[in-house]
>>> print(open('query_15.cif').read())   # mmCIF, C-alpha atoms
data_upload
loop_
_atom_site.label_atom_id
_atom_site.label_comp_id
_atom_site.auth_asym_id
_atom_site.auth_seq_id
_atom_site.Cartn_x
_atom_site.Cartn_y
_atom_site.Cartn_z
CA MET A 93 -0.02 9.31 -30.30
CA ARG A 94 -0.72 6.50 -27.88
CA ARG A 95 -1.19 8.46 -24.66
CA GLN A 96 -4.91 7.72 -24.26
CA GLU A 97 -4.28 3.96 -24.26
CA GLN A 98 -1.51 4.49 -21.72
CA LEU A 99 -3.83 6.61 -19.59
CA SER A 100 -6.23 3.67 -19.49
CA ASN A 101 -3.53 1.29 -18.25
CA SER A 102 -1.67 3.49 -15.79
CA MET A 103 -0.02 1.50 -13.02
CA LYS A 104 0.36 2.72 -9.45
CA LEU A 105 3.62 4.14 -8.25
CA SER A 106 5.03 3.03 -4.92
CA SER A 107 3.73 5.06 -1.99
CA GLU A 108 7.29 6.15 -1.17
CA HIS A 109 7.76 7.41 -4.73
CA LYS A 110 4.53 9.37 -4.49
CA LYS A 111 5.39 10.89 -1.16
CA ASN A 112 8.86 12.11 -2.07
CA TYR A 113 8.32 13.60 -5.52
CA LYS A 114 7.94 17.37 -5.87
CA ARG A 115 7.81 18.98 -9.28
CA LYS A 116 10.27 21.78 -9.92
CA LEU A 117 8.61 24.93 -11.28
CA ASN A 118 10.43 27.87 -12.81
CA PRO A 119 8.55 30.13 -15.27
CA SER A 120 11.84 31.69 -16.42
CA ASP A 121 12.69 28.36 -18.08
CA ILE A 122 9.91 29.06 -20.62
CA ARG A 123 10.49 31.42 -23.53
CA VAL A 124 7.52 33.65 -24.42
CA PRO A 125 7.43 36.57 -26.87
CA LEU A 126 8.50 40.04 -25.81
CA GLY A 127 5.65 41.78 -24.01
CA TYR A 128 4.23 38.59 -22.45
CA LYS A 129 4.71 37.14 -18.99
CA ILE A 130 4.19 33.55 -17.80
CA ASP A 131 3.50 32.53 -14.22
CA VAL A 132 2.36 29.49 -12.25
CA PHE A 133 -1.36 30.02 -11.65
CA ALA A 134 -2.10 26.82 -9.69
CA GLN A 135 -0.37 23.54 -8.90
CA GLY A 136 -0.88 20.26 -7.08
CA LEU A 137 -3.21 18.64 -9.63
CA ASP A 138 -2.96 14.98 -10.58
CA THR A 139 -3.66 14.54 -14.30
CA PRO A 140 -5.56 17.67 -15.46
CA ILE A 141 -6.88 17.21 -18.98
CA SER A 142 -9.60 19.83 -19.58
CA MET A 143 -10.53 23.26 -18.25
CA VAL A 144 -13.57 25.54 -18.63
CA PHE A 145 -14.82 28.83 -17.22
CA THR A 146 -18.44 29.17 -16.11
CA GLU A 147 -20.54 32.28 -16.73
CA LYS A 148 -19.68 33.27 -13.14
CA GLY A 149 -15.98 33.13 -13.93
CA GLU A 150 -15.46 29.95 -11.91
CA ILE A 151 -12.79 27.54 -13.12
CA LEU A 152 -13.70 23.88 -13.55
CA ILE A 153 -10.96 21.30 -14.10
CA ALA A 154 -11.28 17.72 -15.32
CA ASP A 155 -8.89 15.17 -13.86
CA ALA A 156 -8.37 12.17 -16.15
CA GLY A 157 -8.40 9.84 -13.14
CA VAL A 158 -5.62 7.58 -14.31
CA ILE A 159 -3.62 7.72 -11.09
CA SER A 160 -6.47 6.90 -8.73
CA GLY A 161 -8.77 5.12 -11.18
CA ASN A 162 -11.34 7.81 -10.40
CA GLY A 163 -12.12 10.53 -12.94
CA LYS A 164 -13.08 13.78 -11.23
CA VAL A 165 -14.46 17.25 -11.86
CA LEU A 166 -12.84 19.89 -9.66
CA ARG A 167 -13.63 23.53 -8.94
CA LEU A 168 -10.97 26.06 -8.01
CA SER A 169 -12.01 27.97 -4.89
CA ASN A 170 -10.25 30.20 -2.39
CA ASN A 171 -9.41 27.03 -0.46
CA GLY A 172 -7.85 25.28 -3.45
CA PHE A 173 -9.39 22.55 -5.56
CA GLU A 174 -12.60 20.90 -4.38
CA ILE A 175 -14.23 17.82 -5.89
CA ILE A 176 -17.73 18.50 -7.19
CA ALA A 177 -18.22 15.18 -9.05
CA GLU A 178 -16.27 11.93 -9.29
CA ASP A 179 -16.40 8.19 -10.06
CA PHE A 180 -16.07 8.65 -13.81
CA ASN A 181 -14.62 5.88 -15.96
CA PRO A 182 -10.97 6.75 -16.71
CA PRO A 183 -9.72 8.25 -18.74
CA LEU A 184 -12.03 11.22 -18.33
CA THR A 185 -11.14 13.15 -21.50
CA GLY A 186 -12.98 16.45 -21.16
CA ILE A 187 -15.69 18.58 -19.62
CA ASN A 188 -17.90 21.43 -20.75
CA TYR A 189 -20.51 23.63 -19.12
CA LEU A 190 -23.94 24.91 -20.17
CA ASN A 191 -26.94 26.25 -18.24
CA GLY A 192 -25.64 24.97 -14.91
CA ASN A 193 -24.96 21.45 -16.23
CA ILE A 194 -21.47 19.97 -16.55
CA TYR A 195 -21.05 17.62 -19.51
CA VAL A 196 -18.43 14.97 -18.78
CA SER A 197 -16.79 12.81 -21.44
CA HIS A 198 -15.32 9.64 -19.98
CA ARG A 199 -14.51 6.27 -21.44
CA GLY A 200 -17.58 5.03 -23.32
CA PHE A 201 -19.96 7.61 -21.81
CA ILE A 202 -21.15 11.17 -21.85
CA THR A 203 -22.65 12.13 -18.50
CA ILE A 204 -24.39 15.25 -17.26
CA VAL A 205 -23.70 16.51 -13.75
CA LYS A 206 -26.74 18.57 -12.77
CA PRO A 207 -26.66 21.62 -10.47
CA ASP A 208 -27.82 19.49 -7.53
CA GLY A 209 -24.91 17.06 -8.09
CA THR A 210 -26.92 14.20 -9.55
CA LYS A 211 -25.49 12.44 -12.60
CA GLU A 212 -27.21 11.15 -15.71
CA ASN A 213 -25.60 9.13 -18.51
CA ILE A 214 -27.02 10.61 -21.70
CA ILE A 215 -24.87 8.60 -24.15
CA SER A 216 -23.35 5.18 -23.46
CA GLY A 217 -21.90 2.30 -25.42
CA LEU A 218 -19.41 4.41 -27.39
CA PRO A 219 -16.60 2.38 -29.06
CA SER A 220 -13.91 3.49 -26.62
CA TYR A 221 -12.25 0.25 -25.49
CA GLY A 222 -9.16 0.67 -27.68
CA ASP A 223 -6.25 3.07 -28.06
CA HIS A 224 -8.40 6.20 -28.21
CA HIS A 225 -11.70 7.25 -26.69
CA ASN A 226 -14.65 9.61 -26.91
CA ASN A 227 -13.46 13.15 -26.28
CA GLN A 228 -14.69 16.50 -24.94
CA ILE A 229 -18.10 17.69 -26.12
CA ILE A 230 -18.70 21.21 -27.44
CA PHE A 231 -21.89 23.11 -28.16
CA GLY A 232 -22.74 24.11 -31.71
CA PRO A 233 -24.58 27.14 -33.10
CA ASP A 234 -27.41 24.73 -34.01
CA GLY A 235 -28.11 24.02 -30.33
CA LYS A 236 -26.60 20.52 -30.51
CA MET A 237 -23.49 19.00 -28.97
CA TYR A 238 -20.53 17.65 -30.92
CA PHE A 239 -17.66 15.37 -29.93
CA GLY A 240 -14.81 13.38 -31.41
CA GLN A 241 -14.56 9.60 -31.20
CA GLY A 242 -11.10 8.06 -31.54
CA THR A 243 -10.08 4.83 -33.24
CA ALA A 244 -9.39 1.47 -31.64
CA THR A 245 -6.05 0.99 -33.39
CA ASN A 246 -3.08 2.86 -34.76
CA SER A 247 -3.80 2.31 -38.45
CA GLY A 248 -6.80 0.00 -38.88
CA VAL A 249 -5.40 -3.37 -37.77
CA VAL A 250 -5.57 -4.92 -34.30
CA GLY A 251 -2.11 -6.16 -33.36
CA LEU A 252 0.39 -6.85 -30.61
CA ASP A 253 0.72 -3.12 -29.88
CA ASN A 254 -2.86 -3.09 -28.56
CA SER A 255 -2.66 -4.00 -24.88
CA TRP A 256 -6.46 -4.19 -24.60
CA ILE A 257 -6.76 -7.38 -26.71
CA GLU A 258 -7.01 -9.74 -23.75
CA ARG A 259 -9.73 -7.68 -22.09
CA TYR A 260 -11.71 -6.94 -25.27
CA PRO A 261 -10.75 -9.73 -27.70
CA PHE A 262 -13.58 -9.01 -30.16
CA PHE A 263 -13.11 -5.25 -30.35
CA HIS A 264 -11.94 -3.53 -33.53
CA ASP A 265 -12.50 -0.43 -35.64
CA TYR A 266 -15.80 0.40 -37.33
CA PRO A 267 -16.16 2.53 -40.50
CA GLY A 268 -18.62 5.38 -40.93
CA ASN A 269 -19.81 4.24 -44.36
CA ASN A 270 -19.86 0.89 -46.12
CA ILE A 271 -16.33 0.10 -47.29
CA VAL A 272 -14.72 -2.54 -49.50
CA LEU A 273 -11.44 -4.03 -48.29
CA ASN A 274 -8.37 -5.15 -50.25
CA GLY A 275 -8.18 -8.29 -48.15
CA GLU A 276 -4.66 -7.68 -46.85
CA ASN A 277 -3.85 -9.73 -43.74
CA PHE A 278 -1.10 -9.28 -41.15
CA ILE A 279 0.72 -12.18 -39.49
CA THR A 280 1.64 -11.95 -35.80
CA LYS A 281 2.22 -14.25 -32.88
CA ASN A 282 -1.04 -15.52 -31.48
CA ILE A 283 -1.12 -14.22 -27.92
CA GLN A 284 -4.51 -15.84 -27.40
CA THR A 285 -2.98 -19.31 -27.18
CA ALA A 286 -0.41 -20.81 -24.83
CA SER A 287 1.87 -22.00 -27.64
CA PRO A 288 4.88 -19.73 -28.23
CA ASN A 289 5.08 -20.90 -31.85
CA ASP A 290 1.47 -20.22 -32.79
CA TYR A 291 0.81 -17.48 -35.35
CA THR A 292 -2.37 -15.87 -36.59
CA CYS A 293 -3.66 -13.60 -39.37
CA THR A 294 -5.65 -10.43 -38.75
CA GLY A 295 -7.44 -8.35 -41.35
CA ALA A 296 -8.46 -4.71 -41.39
CA TYR A 297 -11.52 -3.68 -39.39
CA SER A 298 -11.54 -7.16 -37.80
CA PRO A 299 -10.99 -8.57 -34.31
CA PHE A 300 -7.54 -9.95 -33.55
CA GLY A 301 -6.99 -13.27 -35.29
CA VAL A 302 -9.82 -12.85 -37.79
CA PRO A 303 -8.50 -12.63 -41.38
CA GLY A 304 -10.13 -10.56 -44.10
CA THR A 305 -10.91 -11.44 -47.70
CA SER A 306 -10.53 -9.50 -50.95
CA TYR A 307 -13.47 -7.26 -51.79
CA GLU A 308 -15.05 -7.96 -48.42
CA THR A 309 -17.66 -5.32 -47.53
CA VAL A 310 -17.74 -3.88 -44.02
CA LYS A 311 -20.93 -2.10 -43.06
CA GLY A 312 -20.72 1.47 -41.82
CA ILE A 313 -22.27 2.55 -38.53
CA VAL A 314 -23.13 5.86 -36.85
CA ARG A 315 -20.85 5.23 -33.83
CA ALA A 316 -17.87 4.91 -36.10
CA SER A 317 -14.23 4.84 -35.08
CA GLY A 318 -12.33 8.03 -35.80
CA SER A 319 -15.42 10.13 -36.25
CA ILE A 320 -17.15 13.33 -35.24
CA LEU A 321 -20.63 12.81 -33.85
CA ARG A 322 -23.51 15.14 -33.05
CA SER A 323 -26.60 14.80 -30.86
CA ASN A 324 -29.24 16.77 -29.04
CA LEU A 325 -28.24 18.11 -25.65
CA ASP A 326 -30.00 15.19 -23.97
CA GLY A 327 -27.99 12.67 -26.03
CA SER A 328 -30.84 11.77 -28.37
CA ASN A 329 -30.68 11.68 -32.18
CA LEU A 330 -27.00 10.73 -32.45
CA GLU A 331 -25.66 11.50 -35.94
CA LEU A 332 -22.40 10.92 -37.82
CA ILE A 333 -20.94 14.20 -39.09
CA ALA A 334 -17.55 13.12 -40.48
CA TRP A 335 -15.13 10.19 -40.22
CA GLY A 336 -11.67 9.02 -41.31
CA LEU A 337 -9.95 10.83 -38.42
CA ARG A 338 -7.55 8.82 -36.25
CA ASN A 339 -8.16 10.70 -33.00
CA PRO A 340 -10.12 13.99 -33.15
CA PHE A 341 -9.12 14.98 -29.63
CA ARG A 342 -10.56 18.51 -29.48
CA LEU A 343 -13.20 20.42 -31.43
CA LYS A 344 -14.16 24.09 -31.42
CA PHE A 345 -16.29 26.46 -33.48
CA ASP A 346 -14.82 29.80 -34.55
CA ARG A 347 -16.66 33.12 -34.73
CA PHE A 348 -17.87 32.26 -38.25
CA ASN A 349 -19.44 29.01 -36.92
CA ARG A 350 -16.84 26.90 -38.71
CA LEU A 351 -15.95 23.67 -36.91
CA PHE A 352 -12.27 22.83 -36.39
CA SER A 353 -10.65 19.69 -35.01
CA THR A 354 -7.25 18.43 -34.01
CA ASN A 355 -6.25 14.97 -35.25
CA HIS A 356 -3.30 12.80 -34.24
CA GLY A 357 -1.12 11.20 -36.88
CA ALA A 358 -0.27 7.50 -36.93
CA ASP A 359 2.61 5.95 -34.99
CA VAL A 360 5.47 3.71 -36.07
CA ARG A 361 4.09 0.67 -34.25
CA GLY A 362 1.93 -2.41 -34.64
CA SER A 363 1.25 -4.63 -37.62
CA ARG A 364 0.93 -1.66 -39.98
CA PRO A 365 3.40 1.02 -38.83
CA ILE A 366 3.41 4.35 -40.64
CA ASN A 367 6.36 6.73 -40.55
CA ASN A 368 6.38 10.54 -40.77
CA SER A 369 2.65 10.84 -40.18
CA PRO A 370 1.91 14.47 -39.24
CA ASP A 371 -0.63 15.75 -36.77
CA GLU A 372 -3.46 17.60 -38.49
CA PHE A 373 -5.66 20.62 -37.81
CA HIS A 374 -8.83 20.32 -39.88
CA MET A 375 -11.80 22.43 -40.78
CA ILE A 376 -14.63 19.91 -40.57
CA ILE A 377 -17.08 19.66 -43.47
CA PRO A 378 -20.14 17.46 -42.80
CA GLY A 379 -20.23 14.24 -44.81
CA THR A 380 -16.49 14.20 -45.43
CA TRP A 381 -14.04 11.29 -45.10
CA TYR A 382 -10.67 12.58 -43.86
CA GLY A 383 -8.48 9.72 -45.05
CA TRP A 384 -7.74 7.39 -42.14
CA PRO A 385 -6.49 4.63 -42.40
CA ASP A 386 -5.11 5.11 -45.94
CA TYR A 387 -4.13 8.79 -45.99
CA THR A 388 -2.20 11.00 -43.60
CA GLY A 389 -1.70 14.73 -43.92
CA GLY A 390 -3.92 14.57 -47.00
CA LEU A 391 -1.48 12.23 -48.78
CA PRO A 392 -1.69 8.48 -49.53
CA ILE A 393 0.32 6.29 -47.15
CA THR A 394 1.68 4.43 -50.20
CA LEU A 395 4.19 7.26 -50.76
CA PRO A 396 7.81 6.29 -49.92
CA LYS A 397 8.06 8.98 -47.21
CA PHE A 398 5.65 6.98 -45.03
CA LYS A 399 7.69 3.76 -45.15
CA PRO A 400 9.24 2.91 -41.77
CA GLU A 401 12.86 1.88 -41.64
CA ASP A 402 13.28 -1.89 -42.12
CA GLU A 403 9.51 -2.32 -42.59
CA ALA A 404 7.30 -2.89 -45.61
CA GLN A 405 5.81 0.02 -47.51
CA PRO A 406 2.27 0.53 -46.17
CA ARG A 407 -0.45 -0.39 -48.64
CA PHE A 408 -4.09 0.62 -48.83
CA LEU A 409 -6.56 -1.29 -46.69
CA LEU A 410 -9.54 -0.04 -48.68
CA ALA A 411 -10.10 -1.23 -52.26
CA GLU A 412 -12.16 1.87 -52.95
CA HIS A 413 -11.94 5.20 -51.14
CA PRO A 414 -15.09 7.20 -50.30
CA MET A 415 -13.48 10.33 -51.79
CA VAL A 416 -10.16 12.09 -52.08
CA PRO A 417 -9.73 13.46 -48.55
CA PRO A 418 -9.17 17.19 -48.06
CA ARG A 419 -5.78 18.58 -47.12
CA PRO A 420 -5.55 19.73 -43.49
CA PHE A 421 -5.91 23.41 -42.65
CA ALA A 422 -2.55 23.18 -40.85
CA LEU A 423 0.06 20.47 -40.36
CA PHE A 424 2.22 19.74 -37.32
CA THR A 425 5.47 17.80 -37.08
CA PRO A 426 4.94 14.04 -36.53
CA HIS A 427 4.52 13.08 -32.85
CA SER A 428 3.75 16.66 -31.74
CA ALA A 429 0.48 15.33 -30.23
CA ILE A 430 -1.65 18.46 -30.59
CA MET A 431 -4.36 18.66 -27.95
CA GLY A 432 -6.61 21.46 -26.65
CA PHE A 433 -6.81 24.81 -28.43
CA ASP A 434 -8.63 28.12 -28.31
CA PHE A 435 -9.28 31.08 -30.60
CA ASN A 436 -8.05 34.50 -29.55
CA TYR A 437 -10.73 37.17 -29.79
CA SER A 438 -9.00 39.94 -27.83
CA ASP A 439 -5.85 42.02 -28.17
CA PHE A 440 -3.81 39.18 -26.62
CA GLY A 441 -2.40 38.47 -30.08
CA PRO A 442 -3.45 38.37 -33.74
CA TYR A 443 -7.24 38.42 -33.73
CA GLY A 444 -8.86 35.09 -34.58
CA ASP A 445 -5.68 33.02 -34.49
CA VAL A 446 -5.51 29.65 -32.72
CA TYR A 447 -3.26 28.82 -29.78
CA ILE A 448 -2.78 25.11 -29.33
CA ALA A 449 -1.16 22.78 -26.79
CA GLU A 450 1.39 20.24 -28.03
CA PHE A 451 1.61 17.33 -25.61
CA GLY A 452 4.74 15.79 -27.11
CA SER A 453 6.05 12.43 -28.23
CA GLU A 454 5.70 9.05 -26.57
CA ALA A 455 9.07 7.91 -27.91
CA PRO A 456 10.36 5.28 -28.27
CA GLU A 457 7.09 3.28 -28.19
CA THR A 458 5.48 5.35 -30.92
CA THR A 459 8.53 6.26 -33.00
CA GLY A 460 9.77 2.84 -34.05
CA GLY A 461 12.35 2.77 -31.27
CA ASN A 462 13.85 6.15 -32.12
CA PRO A 463 14.73 8.48 -29.22
CA LEU A 464 12.70 11.49 -28.12
CA PRO A 465 12.34 13.94 -31.04
CA HIS A 466 12.56 17.67 -30.40
CA VAL A 467 8.87 18.26 -31.03
CA GLY A 468 5.83 19.11 -28.90
CA HIS A 469 5.93 20.19 -25.23
CA ARG A 470 4.94 23.74 -26.21
CA ILE A 471 2.18 26.15 -27.12
CA SER A 472 2.00 26.99 -30.80
CA ARG A 473 0.07 29.59 -32.78
CA ILE A 474 -1.78 28.90 -36.02
CA ASP A 475 -2.14 31.87 -38.37
CA MET A 476 -5.76 31.40 -39.45
CA GLU A 477 -5.17 33.33 -42.67
CA THR A 478 -2.23 31.26 -43.91
CA GLY A 479 -2.27 28.04 -41.85
CA GLU A 480 1.34 28.71 -40.79
CA VAL A 481 2.34 27.23 -37.41
CA THR A 482 4.85 29.02 -35.17
CA ASP A 483 6.08 28.55 -31.60
CA PHE A 484 4.50 30.84 -29.01
CA ALA A 485 5.64 29.48 -25.64
CA ILE A 486 8.32 26.80 -25.38
CA ASN A 487 10.94 25.64 -22.90
CA LYS A 488 14.28 27.26 -23.66
CA SER A 489 15.70 23.75 -23.96
CA GLY A 490 13.05 22.73 -26.49
CA LEU A 491 12.48 19.59 -24.42
CA PRO A 492 10.15 18.59 -21.57
CA ALA A 493 11.23 19.91 -18.19
CA SER A 494 11.82 16.49 -16.64
CA TYR A 495 14.20 15.58 -19.48
CA THR A 496 16.59 18.40 -18.64
CA GLY A 497 15.87 18.95 -14.94
CA GLY A 498 14.23 22.29 -15.68
CA GLY A 499 11.12 23.87 -14.24
CA GLY A 500 9.10 24.68 -17.36
CA PHE A 501 6.48 22.84 -19.44
CA GLU A 502 6.08 19.09 -19.16
CA ARG A 503 3.00 18.01 -21.17
CA PRO A 504 0.74 20.94 -22.19
CA ILE A 505 -2.71 19.48 -22.85
CA ASP A 506 -5.20 22.36 -22.94
CA VAL A 507 -5.31 26.08 -23.73
CA VAL A 508 -8.21 28.32 -22.67
CA PHE A 509 -8.60 32.09 -22.75
CA GLY A 510 -10.23 33.37 -19.57
CA PRO A 511 -12.69 36.22 -19.12
CA ASP A 512 -9.69 38.34 -18.10
CA GLN A 513 -8.20 37.75 -21.60
CA ALA A 514 -5.26 35.87 -20.11
CA MET A 515 -4.20 32.50 -21.51
CA TYR A 516 -4.49 29.50 -19.17
CA ILE A 517 -2.49 26.35 -19.93
CA LEU A 518 -3.12 22.96 -18.39
CA ASP A 519 0.12 21.02 -18.01
CA PHE A 520 -0.31 17.29 -17.44
CA ALA A 521 1.48 15.22 -14.80
CA VAL A 522 5.15 14.23 -14.92
CA THR A 523 6.04 10.70 -16.02
CA PRO A 524 8.87 8.95 -14.13
CA GLU A 525 11.91 8.10 -16.21
CA ASP A 526 11.57 4.76 -18.03
CA GLU A 527 8.00 4.32 -16.73
CA PRO A 528 5.82 5.70 -19.56
CA ASP A 529 2.53 4.41 -18.13
CA GLU A 530 2.88 6.03 -14.71
CA PHE A 531 2.47 9.55 -13.37
CA TYR A 532 3.55 11.46 -10.30
CA PRO A 533 0.52 12.62 -8.27
CA LYS A 534 0.14 16.34 -7.63
CA SER A 535 2.53 17.21 -10.46
CA GLY A 536 -0.07 18.81 -12.76
CA VAL A 537 0.06 22.58 -13.18
CA ILE A 538 -1.94 25.50 -14.54
CA TRP A 539 0.19 28.23 -16.14
CA GLN A 540 -1.05 31.74 -16.92
CA ILE A 541 0.28 33.96 -19.72
CA THR A 542 -0.61 37.65 -19.68
CA LYS A 543 0.17 40.43 -22.08
CA ASN A 544 1.67 43.73 -20.98
CA ASN A 545 -0.42 46.17 -22.99
CA LYS A 546 1.79 49.09 -21.88
CA LEU A 547 4.66 47.97 -24.11
#
>>> encode(input="query_15.cif", output="structure tokens")
Amino acid sequence: MRRQEQLSNSMKLSSEHKKNYKRKLNPSDIRVPLGYKIDVFAQGLDTPISMVFTEKGEILIADAGVISGNGKVLRLSNNGFEIIAEDFNPPLTGINYLNGNIYVSHRGFITIVKPDGTKENIISGLPSYGDHHNNQIIFGPDGKMYFGQGTATNSGVVGLDNSWIERYPFFHDYPGNNIVLNGENFITKNIQTASPNDYTCTGAYSPFGVPGTSYETVKGIVRASGSILRSNLDGSNLELIAWGLRNPFRLKFDRFNRLFSTNHGADVRGSRPINNSPDEFHMIIPGTWYGWPDYTGGLPITLPKFKPEDEAQPRFLLAEHPMVPPRPFALFTPHSAIMGFDFNYSDFGPYGDVYIAEFGSEAPETTGGNPLPHVGHRISRIDMETGEVTDFAINKSGLPASYTGGGGFERPIDVVFGPDQAMYILDFAVTPEDEPDEFYPKSGVIWQITKNNKL
């Protein structure tokens, strides 16, 4: 899943293109179970990425800011959407709300928007210059806030697939504990020189062009790549809770105070491509290493199933592993790109189950050149007793609406249950054909699914 890097590098569409595009919307193109109804709740958003309800029932929306270069927090009023805070570093990845304060996660920062509109950066300097960033914060039963921090790279090695190299040439991944490397190096063209025939070697957990050595020790840090972090509500006392996660995009506690996280599998790209890497839904245990960059789906990447076509079998980067990583609570098909989720604690459906947004593939950039797979672009349900994943709401075509000319889901990115017990789905902006880094303005949508309790 490479969408967060693409969000950071979104180019501007022509003004004529912007002016003329209007997204087609048709709820009947989406299949929902018998007894449920789906409708368009709101439209005309740019790149909505996160949604919360306040204690007053107000709806706050986070706009990633990748079209305008300006991350925003919006409030839905009788007059439509109004901006209540802006000028956040894109991509803005999530918001949350507590005691009148809005907590905004944006690239490298966590910022509080106070009731009077003033802003305060409570955490800065997060390692978010690469493919993935710091994500939405949540509030724990211990009175602290938690958030996921994504990795810089796809699978531990800076390479030609990382478009941020020129801007941040010394950036790379950082482990959560001291690790010992195998010393494997990867040869690529050296894009840091003018010579077309110049090549360079890059090691794991190293800047581009810096080779590693066998049994080299890399020191662990608190602000680790691919980690879950915790702090006080004012940003103080930052702690590492878990690491070894490629991109823990969303976190949430259940009614038993268990912490769960989504995690995106590796792509078939870069110097160390990995095939068939599933997305993962984890129960987070403090102090645990979850396997990245040497395991995926709880299995070692040295298994033949993870070998890309016409590429070398991936080998371990670490000479010694901190532990055998746990198996995920639930697994999703590779390239599903699972995003926001929520627990159902009403009669909407099976009590306690998870409903989760699947954003969908970034093929062919992330699939080794293979065409769009029939995965993602839907809302799924996780049976929290068995871990089984089933479709809940999906386009009748099984594909994104723009691919077929339909009016259903495009890129579901968040699921929230409202105080009215309805399900609200944020659907990201539409991407023009053959322009994966661009987005049509005003093409983001909020869908609402309600249950007919009379059936």
>>> atom_distance(input="query_15.cif", atom1="CA of Leu252 (chain A)", atom2="CA of Asp402 (chain A)")
18.0 Å
>>> resolve_selection(input="query_15.cif", expression="the PyMOL selection byres ((chain A and resi 249) around 8)", output="PDB file with C-alpha atoms, in the frame of the given file")
ATOM      1  CA  THR A 245      -6.050   0.990 -33.390  1.00  0.00           C
ATOM      2  CA  ASN A 246      -3.080   2.860 -34.760  1.00  0.00           C
ATOM      3  CA  SER A 247      -3.800   2.310 -38.450  1.00  0.00           C
ATOM      4  CA  GLY A 248      -6.800   0.000 -38.880  1.00  0.00           C
ATOM      5  CA  VAL A 250      -5.570  -4.920 -34.300  1.00  0.00           C
ATOM      6  CA  GLY A 251      -2.110  -6.160 -33.360  1.00  0.00           C
ATOM      7  CA  HIS A 264     -11.940  -3.530 -33.530  1.00  0.00           C
ATOM      8  CA  ASP A 265     -12.500  -0.430 -35.640  1.00  0.00           C
ATOM      9  CA  THR A 294      -5.650 -10.430 -38.750  1.00  0.00           C
ATOM     10  CA  GLY A 295      -7.440  -8.350 -41.350  1.00  0.00           C
ATOM     11  CA  ALA A 296      -8.460  -4.710 -41.390  1.00  0.00           C
ATOM     12  CA  TYR A 297     -11.520  -3.680 -39.390  1.00  0.00           C
ATOM     13  CA  SER A 298     -11.540  -7.160 -37.800  1.00  0.00           C
ATOM     14  CA  SER A 363       1.250  -4.630 -37.620  1.00  0.00           C
ATOM     15  CA  ARG A 364       0.930  -1.660 -39.980  1.00  0.00           C
TER      16      ARG A 364
END
>>> closest_residue(input="query_15.cif", among="A:Asn274, A:Asn191, A:Ser142, A:Ser328", to="Ala449 (chain A)", atoms="only C-alpha atoms")
A:Ser142
>>> closest_residue(input="query_15.cif", among="A:Ile366, A:Leu218, A:Ile313, A:Ile283", to="Gly327 (chain A)", atoms="only C-alpha atoms")
A:Leu218
>>> atom_distance(input="query_15.cif", atom1="CA of Ile517 (chain A)", atom2="CA of Phe440 (chain A)")
14.5 Å
>>> resolve_selection(input="query_15.cif", expression="the PyMOL selection byres ((chain A and resi 292) around 8)", output="VMD selection string")
chain A and resid 279 to 282 290 to 291 293 to 294 301
>>> write_last_selection(input="query_15.cif", atoms="C-alpha atoms", output="PDB file, in the coordinates of the input")
ATOM      1  CA  ILE A 279       0.720 -12.180 -39.490  1.00  0.00           C
ATOM      2  CA  THR A 280       1.640 -11.950 -35.800  1.00  0.00           C
ATOM      3  CA  LYS A 281       2.220 -14.250 -32.880  1.00  0.00           C
ATOM      4  CA  ASN A 282      -1.040 -15.520 -31.480  1.00  0.00           C
ATOM      5  CA  ASP A 290       1.470 -20.220 -32.790  1.00  0.00           C
ATOM      6  CA  TYR A 291       0.810 -17.480 -35.350  1.00  0.00           C
ATOM      7  CA  CYS A 293      -3.660 -13.600 -39.370  1.00  0.00           C
ATOM      8  CA  THR A 294      -5.650 -10.430 -38.750  1.00  0.00           C
ATOM      9  CA  GLY A 301      -6.990 -13.270 -35.290  1.00  0.00           C
TER      10      GLY A 301
END
